[in-house]
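Student: Please read through the structure below; I'll follow up with questions.
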Amino acid sequence: MDELATLSELIEFDDRPKHESVKVMATLGRHVQSIGNELGYIQKLESFGVELVNDTCWCMLLDPPIIPSNPNSLILTNSGKYSHYGPGLTNRKLRFGSMYGCIAAAKSGKLSSGSSLPQWLRRSFSTHQIIRTIKTIK
């Protein structure tokens, strides 16, 4: 639930929609999705364009439409496990990033070498703290 809440907050952080050339996927259990639906998170994710995959691990997803059919595609993930095993399983390039970085890339359509946040903020805060800090600045 914490990850759903964080993902929902990152999507709502600004008014930018998902870039049309980006696909956003999230895996979660059906039970988690059911609770997330009751709390309003699922509707926010789906309206942004997140595609939900239930009851499986990313490492089990090897074919389109989940995995991009273009062999030159780049997959950005916040999963350490998938960033390690994914390249060998999918024959695609993978990059590991924070949830913040994944959503920033989904909105801009570009992979940033870092974050648009100042380095001191990236290094010192968790994603939850970043969201709270930026909201107080706005």
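Letters A, B, ... mark the chains of the structure tokens in the order given; residue numbers begin at 1 per chain; ligand numbers begin at 1, in order shown.
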Excluding same-chain residues fewer than 2 positions from A:Leu89, what lies within 12 Å of it counting only C-alpha atoms, as an NGL selection string?
Tutor: :A and (58-63 or 67 or 81-87 or 91-94)
Student: Enumerate, as a PyMOL selection string, the complete set of residues in stretch 7-116 of chain A that a backbone-based DSSP assignment places in strand (DSSP E).
Tutor: chain A and resi 24-28+50-54+74-77+93-96
Student: Between A:Lys23, A:Lys18, A:His31, A:Lys44, which one has atoms that come closest to A:Thr77, using only C-alpha atoms?
Tutor: A:Lys23
Student: How many Å lie between atom CA of A:Glu9 and atom CA of A:Ile134, rounded to one decimal?
Tutor: 11.6 Å
Student: Could you check the closest approach to A:Asn54 for each of A:Leu28, A:Leu76, A:Ile42, A:Ile35 and tell me which residue wins, using only C-alpha atoms?
Tutor: A:Leu28
Student: Need to verify the contact set: stretch 108-113 of chain A, 10 Å, only C-alpha atoms, exclusion of same-chain residues closer than 5 positions in sequence. Can you return it as a ChimeraX atom specification?
Tutor: /A:16-23,74-76,95,97,101-103
Student: Check the smallest atom-to-atom distance from each of A:Leu52, A:Cys57, A:Ala104, A:Ile66 to A:Ile11 using only C-alpha atoms, then report the winner.
Tutor: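 Using only C-alpha atoms, A:Ile11 sits closest to A:Ala104.
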Student: Give me the residues near A:Val24 as an MDAnalysis selection string, where near means some atom within 7 Å (using only C-alpha atoms) and where sequence neighbours in that chain fewer than 4 positions away do not count.
Tutor: chainID A and resid 49:51 106
Student: Nearest to A:Ser34: which of A:Ala105, A:Met1, A:Lys135, A:Leu7 is it, counting only C-alpha atoms?
Tutor: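 When distances to A:Ser34 are compared using only C-alpha atoms, the smallest one comes from A:Met1.
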